[in-house]
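Everything below belongs to structure.cif, which stores mmCIF, C-alpha atoms; chains and numbers go by the auth columns.
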```
data_entry
loop_
_atom_site.group_PDB
_atom_site.id
_atom_site.type_symbol
_atom_site.label_atom_id
_atom_site.label_comp_id
_atom_site.label_asym_id
_atom_site.label_seq_id
_atom_site.Cartn_x
_atom_site.Cartn_y
_atom_site.Cartn_z
_atom_site.B_iso_or_equiv
_atom_site.auth_seq_id
_atom_site.auth_asym_id
ATOM 1 C CA MET A 1 151.907 161.912 55.543 0.00 1 A
ATOM 2 C CA LYS A 2 149.976 162.574 58.712 0.00 2 A
ATOM 3 C CA GLU A 3 146.437 161.637 57.657 0.00 3 A
ATOM 4 C CA ASN A 4 144.873 159.207 55.271 0.00 4 A
ATOM 5 C CA TYR A 5 143.640 160.707 52.042 0.00 5 A
ATOM 6 C CA THR A 6 141.042 159.243 49.725 0.00 6 A
ATOM 7 C CA ALA A 7 140.535 160.649 46.242 0.00 7 A
ATOM 8 C CA PRO A 8 137.064 162.172 45.757 0.00 8 A
ATOM 9 C CA PRO A 9 134.495 159.591 44.527 0.00 9 A
ATOM 10 C CA LYS A 10 133.876 161.283 41.163 0.00 10 A
ATOM 11 C CA THR A 11 137.581 161.436 40.293 0.00 11 A
ATOM 12 C CA SER A 12 138.252 159.724 36.978 0.00 12 A
ATOM 13 C CA ILE A 13 141.014 159.302 34.459 0.00 13 A
ATOM 14 C CA GLY A 14 140.578 162.145 31.994 0.00 14 A
ATOM 15 C CA HIS A 15 142.867 161.142 29.134 0.00 15 A
ATOM 16 C CA ILE A 16 145.902 159.197 28.039 0.00 16 A
ATOM 17 C CA HIS A 17 148.839 160.629 26.140 0.00 17 A
ATOM 18 C CA LEU A 18 150.990 158.170 24.239 0.00 18 A
ATOM 19 C CA LYS A 19 154.392 158.455 22.619 0.00 19 A
ATOM 20 C CA VAL A 20 154.107 156.888 19.161 0.00 20 A
ATOM 21 C CA SER A 21 156.662 156.199 16.450 0.00 21 A
ATOM 22 C CA ASP A 22 154.449 157.057 13.454 0.00 22 A
ATOM 23 C CA LEU A 23 151.593 159.535 13.895 0.00 23 A
ATOM 24 C CA ASP A 24 149.767 158.580 10.693 0.00 24 A
ATOM 25 C CA ARG A 25 149.858 154.894 11.621 0.00 25 A
ATOM 26 C CA ALA A 26 148.599 155.677 15.135 0.00 26 A
ATOM 27 C CA LEU A 27 145.762 157.773 13.663 0.00 27 A
ATOM 28 C CA GLU A 28 144.784 154.900 11.396 0.00 28 A
ATOM 29 C CA PHE A 29 144.373 152.762 14.517 0.00 29 A
ATOM 30 C CA TYR A 30 142.760 155.176 17.015 0.00 30 A
ATOM 31 C CA ARG A 31 140.718 157.276 14.544 0.00 31 A
ATOM 32 C CA ASP A 32 139.982 155.016 11.589 0.00 32 A
ATOM 33 C CA LEU A 33 139.667 151.615 13.302 0.00 33 A
ATOM 34 C CA MET A 34 138.689 152.474 16.885 0.00 34 A
ATOM 35 C CA GLY A 35 136.452 155.383 15.825 0.00 35 A
ATOM 36 C CA PHE A 36 137.769 158.205 18.013 0.00 36 A
ATOM 37 C CA GLU A 37 137.219 161.649 16.491 0.00 37 A
ATOM 38 C CA LEU A 38 140.166 163.901 15.694 0.00 38 A
ATOM 39 C CA THR A 39 139.758 167.172 17.617 0.00 39 A
ATOM 40 C CA THR A 40 143.133 168.889 17.144 0.00 40 A
ATOM 41 C CA MET A 41 146.423 168.444 15.312 0.00 41 A
ATOM 42 C CA TYR A 42 149.689 170.090 16.378 0.00 42 A
ATOM 43 C CA GLY A 43 151.420 170.175 13.031 0.00 43 A
ATOM 44 C CA ASP A 44 152.654 166.733 12.037 0.00 44 A
ATOM 45 C CA GLN A 45 153.881 165.838 15.536 0.00 45 A
ATOM 46 C CA ALA A 46 150.778 165.448 17.706 0.00 46 A
ATOM 47 C CA ALA A 47 147.083 164.661 17.490 0.00 47 A
ATOM 48 C CA PHE A 48 144.249 164.732 19.989 0.00 48 A
ATOM 49 C CA LEU A 49 141.162 162.530 19.708 0.00 49 A
ATOM 50 C CA SER A 50 137.942 162.072 21.636 0.00 50 A
ATOM 51 C CA ALA A 51 134.623 160.322 21.936 0.00 51 A
ATOM 52 C CA GLY A 52 131.531 162.482 22.141 0.00 52 A
ATOM 53 C CA GLY A 53 133.132 165.877 21.523 0.00 53 A
ATOM 54 C CA TYR A 54 135.334 166.125 24.643 0.00 54 A
ATOM 55 C CA HIS A 55 138.547 168.112 24.001 0.00 55 A
ATOM 56 C CA HIS A 56 140.549 164.879 24.117 0.00 56 A
ATOM 57 C CA HIS A 57 140.595 161.426 25.594 0.00 57 A
ATOM 58 C CA ILE A 58 143.703 160.381 23.669 0.00 58 A
ATOM 59 C CA GLY A 59 146.832 162.374 22.930 0.00 59 A
ATOM 60 C CA LEU A 60 149.366 160.979 20.468 0.00 60 A
ATOM 61 C CA ASN A 61 152.776 162.508 19.833 0.00 61 A
ATOM 62 C CA THR A 62 156.127 161.815 18.205 0.00 62 A
ATOM 63 C CA TRP A 63 158.026 164.507 20.153 0.00 63 A
ATOM 64 C CA HIS A 64 160.515 162.037 21.659 0.00 64 A
ATOM 65 C CA SER A 65 159.626 158.828 19.851 0.00 65 A
ATOM 66 C CA LYS A 66 159.423 159.359 16.076 0.00 66 A
ATOM 67 C CA GLY A 67 160.705 156.234 14.338 0.00 67 A
ATOM 68 C CA GLY A 68 161.361 154.558 17.679 0.00 68 A
ATOM 69 C CA SER A 69 160.797 150.930 18.574 0.00 69 A
ATOM 70 C CA PRO A 70 158.221 149.581 21.044 0.00 70 A
ATOM 71 C CA ALA A 71 159.155 149.455 24.723 0.00 71 A
ATOM 72 C CA PRO A 72 160.874 146.158 25.534 0.00 72 A
ATOM 73 C CA GLN A 73 158.825 143.399 27.170 0.00 73 A
ATOM 74 C CA GLY A 74 159.687 142.839 30.795 0.00 74 A
ATOM 75 C CA SER A 75 160.452 146.482 31.543 0.00 75 A
ATOM 76 C CA PRO A 76 158.395 148.968 33.573 0.00 76 A
ATOM 77 C CA GLY A 77 155.837 151.052 31.734 0.00 77 A
ATOM 78 C CA LEU A 78 152.221 151.154 30.700 0.00 78 A
ATOM 79 C CA TYR A 79 150.578 147.715 30.796 0.00 79 A
ATOM 80 C CA HIS A 80 147.495 148.778 28.881 0.00 80 A
ATOM 81 C CA THR A 81 145.006 151.537 28.335 0.00 81 A
ATOM 82 C CA ALA A 82 141.398 150.535 28.962 0.00 82 A
ATOM 83 C CA PHE A 83 138.431 151.935 27.064 0.00 83 A
ATOM 84 C CA LEU A 84 135.076 151.461 28.792 0.00 84 A
ATOM 85 C CA TYR A 85 132.180 150.919 26.398 0.00 85 A
ATOM 86 C CA PRO A 86 128.685 151.877 27.555 0.00 86 A
ATOM 87 C CA SER A 87 126.971 148.595 26.676 0.00 87 A
ATOM 88 C CA ARG A 88 127.572 144.978 25.724 0.00 88 A
ATOM 89 C CA LYS A 89 126.268 145.729 22.227 0.00 89 A
ATOM 90 C CA ASP A 90 128.821 148.556 21.838 0.00 90 A
ATOM 91 C CA LEU A 91 131.580 146.111 22.807 0.00 91 A
ATOM 92 C CA ALA A 92 130.236 143.660 20.212 0.00 92 A
ATOM 93 C CA VAL A 93 130.312 146.392 17.542 0.00 93 A
ATOM 94 C CA ILE A 94 133.991 147.179 18.114 0.00 94 A
ATOM 95 C CA LEU A 95 134.820 143.460 18.207 0.00 95 A
ATOM 96 C CA GLN A 96 133.157 143.040 14.812 0.00 96 A
ATOM 97 C CA ARG A 97 135.134 146.031 13.454 0.00 97 A
ATOM 98 C CA LEU A 98 138.374 144.384 14.577 0.00 98 A
ATOM 99 C CA ILE A 99 137.375 141.082 12.997 0.00 99 A
ATOM 100 C CA ASP A 100 136.319 142.769 9.737 0.00 100 A
ATOM 101 C CA ALA A 101 139.628 144.646 9.591 0.00 101 A
ATOM 102 C CA GLY A 102 141.616 141.479 10.325 0.00 102 A
ATOM 103 C CA TYR A 103 143.173 143.245 13.330 0.00 103 A
ATOM 104 C CA PRO A 104 144.816 140.759 15.738 0.00 104 A
ATOM 105 C CA ILE A 105 143.238 140.266 19.150 0.00 105 A
ATOM 106 C CA SER A 106 145.618 139.025 21.840 0.00 106 A
ATOM 107 C CA GLY A 107 143.007 137.921 24.347 0.00 107 A
ATOM 108 C CA ALA A 108 139.427 138.063 25.589 0.00 108 A
ATOM 109 C CA SER A 109 138.379 137.574 29.209 0.00 109 A
ATOM 110 C CA ASP A 110 135.328 137.486 31.401 0.00 110 A
ATOM 111 C CA HIS A 111 136.357 139.056 34.719 0.00 111 A
ATOM 112 C CA GLY A 112 133.018 138.558 36.475 0.00 112 A
ATOM 113 C CA VAL A 113 132.594 142.317 36.887 0.00 113 A
ATOM 114 C CA SER A 114 133.406 143.032 33.238 0.00 114 A
ATOM 115 C CA GLU A 115 133.990 141.550 29.802 0.00 115 A
ATOM 116 C CA ALA A 116 137.204 142.530 28.026 0.00 116 A
ATOM 117 C CA ILE A 117 138.956 142.244 24.672 0.00 117 A
ATOM 118 C CA TYR A 118 142.729 142.750 24.534 0.00 118 A
ATOM 119 C CA LEU A 119 144.952 143.871 21.661 0.00 119 A
ATOM 120 C CA ASN A 120 148.015 145.996 20.977 0.00 120 A
ATOM 121 C CA ASP A 121 148.132 149.259 19.073 0.00 121 A
ATOM 122 C CA PRO A 122 150.655 149.586 16.211 0.00 122 A
ATOM 123 C CA ASP A 123 153.392 150.661 18.675 0.00 123 A
ATOM 124 C CA GLY A 124 152.853 147.659 20.942 0.00 124 A
ATOM 125 C CA ASN A 125 150.903 149.560 23.611 0.00 125 A
ATOM 126 C CA GLY A 126 148.371 147.282 25.275 0.00 126 A
ATOM 127 C CA VAL A 127 144.718 148.192 24.746 0.00 127 A
ATOM 128 C CA GLU A 128 141.743 146.803 26.653 0.00 128 A
ATOM 129 C CA LEU A 129 138.227 147.292 25.294 0.00 129 A
ATOM 130 C CA TYR A 130 135.648 146.409 27.936 0.00 130 A
ATOM 131 C CA ARG A 131 132.190 146.831 29.352 0.00 131 A
ATOM 132 C CA ASP A 132 131.234 146.645 33.004 0.00 132 A
ATOM 133 C CA ARG A 133 128.434 144.441 34.239 0.00 133 A
ATOM 134 C CA PRO A 134 125.898 146.273 36.412 0.00 134 A
ATOM 135 C CA ARG A 135 127.166 146.520 40.002 0.00 135 A
ATOM 136 C CA GLU A 136 124.206 144.518 41.274 0.00 136 A
ATOM 137 C CA GLU A 137 125.626 141.532 39.342 0.00 137 A
ATOM 138 C CA TRP A 138 129.055 141.752 40.982 0.00 138 A
ATOM 139 C CA GLU A 139 130.000 139.174 43.585 0.00 139 A
ATOM 140 C CA TYR A 140 131.813 139.962 46.826 0.00 140 A
ATOM 141 C CA SER A 141 134.043 137.946 49.160 0.00 141 A
ATOM 142 C CA ALA A 142 133.293 137.585 52.875 0.00 142 A
ATOM 143 C CA ASP A 143 135.746 140.433 53.560 0.00 143 A
ATOM 144 C CA GLY A 144 133.765 142.760 51.266 0.00 144 A
ATOM 145 C CA SER A 145 136.269 142.783 48.416 0.00 145 A
ATOM 146 C CA VAL A 146 135.033 142.448 44.844 0.00 146 A
ATOM 147 C CA LYS A 147 135.429 138.929 43.419 0.00 147 A
ATOM 148 C CA MET A 148 137.189 139.116 40.078 0.00 148 A
ATOM 149 C CA VAL A 149 138.091 136.184 37.862 0.00 149 A
ATOM 150 C CA THR A 150 139.805 135.655 34.537 0.00 150 A
ATOM 151 C CA GLU A 151 137.771 133.218 32.480 0.00 151 A
ATOM 152 C CA PRO A 152 137.582 132.925 28.683 0.00 152 A
ATOM 153 C CA LEU A 153 135.140 135.382 27.106 0.00 153 A
ATOM 154 C CA ASP A 154 132.540 133.835 24.814 0.00 154 A
ATOM 155 C CA LEU A 155 133.200 135.941 21.703 0.00 155 A
ATOM 156 C CA GLU A 156 130.480 134.205 19.678 0.00 156 A
ATOM 157 C CA GLY A 157 127.990 134.965 22.426 0.00 157 A
ATOM 158 C CA LEU A 158 129.149 138.566 22.495 0.00 158 A
ATOM 159 C CA LEU A 159 128.680 138.889 18.729 0.00 159 A
ATOM 160 C CA GLU A 160 125.090 137.627 19.105 0.00 160 A
ATOM 161 C CA GLU A 161 124.372 141.094 20.546 0.00 161 A
ATOM 162 C CA LEU A 162 124.511 142.330 16.933 0.00 162 A
ATOM 163 C CA ASN A 163 121.506 140.219 15.842 0.00 163 A
#
```
Taking this structure as input, can you express it in the form of structure tokens?
Amino acid sequence: MKENYTAPPKTSIGHIHLKVSDLDRALEFYRDLMGFELTTMYGDQAAFLSAGGYHHHIGLNTWHSKGGSPAPQGSPGLYHTAFLYPSRKDLAVILQRLIDAGYPISGASDHGVSEAIYLNDPDGNGVELYRDRPREEWEYSADGSVKMVTEPLDLEGLLEELN
């Protein structure tokens, strides 16, 4: 490559598409628990879901994975998918849904720039649910890089957003 290239500033990740072993089970997680709306089904092999009426943010399919087992730990692949919630209260709402459903949470962290809840979907794919702090609250190192930390997230404090 002859010149440096920088992706345009408004570039974003448009959607994820996951191989799943059981489409109905995946829909129970992404649609029924997480609240994404079903926009399209391709027979009994694929489903597309969104937030806010977009054509799809999440694609799920069993084309090459029906009945398969989760990817082995310690091998290359997707670490997690991250869903950005618009506010701290919205993050508290989804946390309460997980608690009410008895869905296991694998972690919760305060990263300084964001607050995050971690879990796995039914196929073992990592899922991060997070909200960003306003940029004016971020801290920066002397070299201009963003300071990020991994501290425990106060889940009780987060749930106080619901009161």
Check: For A:Asn120, which residue among A:His56, A:Arg31, A:His80, A:Arg25 is the nearest when counting all atoms listed in the file?
Finding: A:His80
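Comparing A:Asp90, A:Glu115, A:Asp121, A:Glu28 by their smallest distance to A:Met148, the closest is A:Glu115 (using all atoms listed in the file).
Here atom CA of A:Leu91 and atom CA of A:Trp138 stand 18.9 Å from one another.
With the shown file loaded, the PyMOL selection byres ((chain A and resi 47) around 7) picks out Thr40, Met41, Tyr42, Ala46, Phe48, Leu49, Gly59, Leu60 and Asn61 of chain A.
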Item checked: Non-local contacts of A:Lys19 (10 Å; all atoms listed in the file; under 3 positions in same chain excluded) as a ChimeraX atom specification -> /A:22-23,26,46,59-66,68,70,123,125
Next item on the list: Check which residues satisfy the PyMOL selection byres ((chain A and resi 114) around 8) in the file shown, then give them as number ranges by chain.
Entry: A: 110-113, 115-116, 130-133
Filtering to C-alpha atoms, could you give me those residues as a PDB file, in the coordinates of the input?
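As a result, again-v8.pdb now contains:
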```pdb
ATOM      1  CA  ASP A 110     135.328 137.486  31.401  1.00  0.00           C
ATOM      2  CA  HIS A 111     136.357 139.056  34.719  1.00  0.00           C
ATOM      3  CA  GLY A 112     133.018 138.558  36.475  1.00  0.00           C
ATOM      4  CA  VAL A 113     132.594 142.317  36.887  1.00  0.00           C
ATOM      5  CA  GLU A 115     133.990 141.550  29.802  1.00  0.00           C
ATOM      6  CA  ALA A 116     137.204 142.530  28.026  1.00  0.00           C
ATOM      7  CA  TYR A 130     135.648 146.409  27.936  1.00  0.00           C
ATOM      8  CA  ARG A 131     132.190 146.831  29.352  1.00  0.00           C
ATOM      9  CA  ASP A 132     131.234 146.645  33.004  1.00  0.00           C
ATOM     10  CA  ARG A 133     128.434 144.441  34.239  1.00  0.00           C
TER      11      ARG A 133
END
```
Item checked: d(atom CA of A:Val127, atom CA of A:Thr81) in Å -> 4.9 Å
Next item on the list: Determine the residue set returned by the PyMOL selection byres ((chain A and resi 97-102) around 12) for the present structure, and present it as a PyMOL selection string.
Entry: chain A and resi 28-30+32-35+90-96+103-106+117-121+129+155-156+159+162
Could you please fill out stretch 33-65 of chain A with N, CA and C atoms and send it back as a short mmCIF file (atom, residue, chain, number, x, y, z; two decimals), keeping the file's coordinate frame?
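Result file is rebuild-v2.cif:
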```
data_model
loop_
_atom_site.label_atom_id
_atom_site.label_comp_id
_atom_site.auth_asym_id
_atom_site.auth_seq_id
_atom_site.Cartn_x
_atom_site.Cartn_y
_atom_site.Cartn_z
N LEU A 33 140.15 152.92 12.86
CA LEU A 33 139.67 151.62 13.30
C LEU A 33 138.83 151.73 14.58
N MET A 34 139.37 152.40 15.59
CA MET A 34 138.69 152.47 16.89
C MET A 34 137.55 153.50 16.89
N GLY A 35 137.56 154.45 15.96
CA GLY A 35 136.45 155.38 15.82
C GLY A 35 136.51 156.64 16.66
N PHE A 36 137.66 156.95 17.27
CA PHE A 36 137.77 158.21 18.01
C PHE A 36 137.87 159.37 17.02
N GLU A 37 137.26 160.49 17.37
CA GLU A 37 137.22 161.65 16.49
C GLU A 37 138.44 162.55 16.71
N LEU A 38 139.04 162.98 15.63
CA LEU A 38 140.17 163.90 15.69
C LEU A 38 139.64 165.27 16.10
N THR A 39 140.19 165.85 17.17
CA THR A 39 139.76 167.17 17.62
C THR A 39 140.79 168.25 17.32
N THR A 40 142.07 167.90 17.35
CA THR A 40 143.13 168.89 17.14
C THR A 40 144.40 168.21 16.64
N MET A 41 145.09 168.88 15.75
CA MET A 41 146.42 168.44 15.31
C MET A 41 147.41 169.54 15.70
N TYR A 42 148.58 169.17 16.15
CA TYR A 42 149.69 170.09 16.38
C TYR A 42 150.70 169.78 15.29
N GLY A 43 150.54 170.43 14.15
CA GLY A 43 151.42 170.18 13.03
C GLY A 43 151.40 168.71 12.65
N ASP A 44 152.57 168.16 12.38
CA ASP A 44 152.65 166.73 12.04
C ASP A 44 153.26 165.92 13.18
N GLN A 45 153.24 166.50 14.40
CA GLN A 45 153.88 165.84 15.54
C GLN A 45 152.93 165.36 16.62
N ALA A 46 151.69 165.85 16.64
CA ALA A 46 150.78 165.45 17.71
C ALA A 46 149.33 165.53 17.22
N ALA A 47 148.51 164.68 17.80
CA ALA A 47 147.08 164.66 17.49
C ALA A 47 146.32 164.38 18.77
N PHE A 48 145.12 164.93 18.84
CA PHE A 48 144.25 164.73 19.99
C PHE A 48 142.91 164.23 19.49
N LEU A 49 142.39 163.18 20.14
CA LEU A 49 141.16 162.53 19.71
C LEU A 49 140.21 162.37 20.89
N SER A 50 138.92 162.23 20.56
CA SER A 50 137.94 162.07 21.64
C SER A 50 136.76 161.24 21.19
N ALA A 51 135.94 160.91 22.17
CA ALA A 51 134.62 160.32 21.94
C ALA A 51 133.61 161.33 22.47
N GLY A 52 132.61 161.62 21.67
CA GLY A 52 131.53 162.48 22.14
C GLY A 52 131.84 163.96 22.23
N GLY A 53 132.87 164.44 21.57
CA GLY A 53 133.13 165.88 21.52
C GLY A 53 133.96 166.46 22.66
N TYR A 54 134.44 165.65 23.58
CA TYR A 54 135.33 166.12 24.64
C TYR A 54 136.61 166.66 23.99
N HIS A 55 137.35 167.55 24.64
CA HIS A 55 138.55 168.11 24.00
C HIS A 55 139.56 167.04 23.63
N HIS A 56 139.78 166.06 24.51
CA HIS A 56 140.55 164.88 24.12
C HIS A 56 140.54 163.82 25.20
N HIS A 57 140.43 162.60 24.74
CA HIS A 57 140.60 161.43 25.59
C HIS A 57 141.95 160.78 25.31
N ILE A 58 142.45 160.98 24.09
CA ILE A 58 143.70 160.38 23.67
C ILE A 58 144.59 161.46 23.06
N GLY A 59 145.80 161.56 23.55
CA GLY A 59 146.83 162.37 22.93
C GLY A 59 147.88 161.45 22.34
N LEU A 60 148.31 161.75 21.14
CA LEU A 60 149.37 160.98 20.47
C LEU A 60 150.45 161.94 20.06
N ASN A 61 151.71 161.62 20.30
CA ASN A 61 152.78 162.51 19.83
C ASN A 61 154.03 161.74 19.46
N THR A 62 154.83 162.37 18.62
CA THR A 62 156.13 161.82 18.20
C THR A 62 157.28 162.69 18.70
N TRP A 63 157.02 163.55 19.68
CA TRP A 63 158.03 164.51 20.15
C TRP A 63 159.34 163.85 20.55
N HIS A 64 159.29 162.72 21.21
CA HIS A 64 160.51 162.04 21.66
C HIS A 64 160.58 160.60 21.17
N SER A 65 159.73 160.24 20.20
CA SER A 65 159.63 158.83 19.85
C SER A 65 159.52 158.55 18.35
#
```
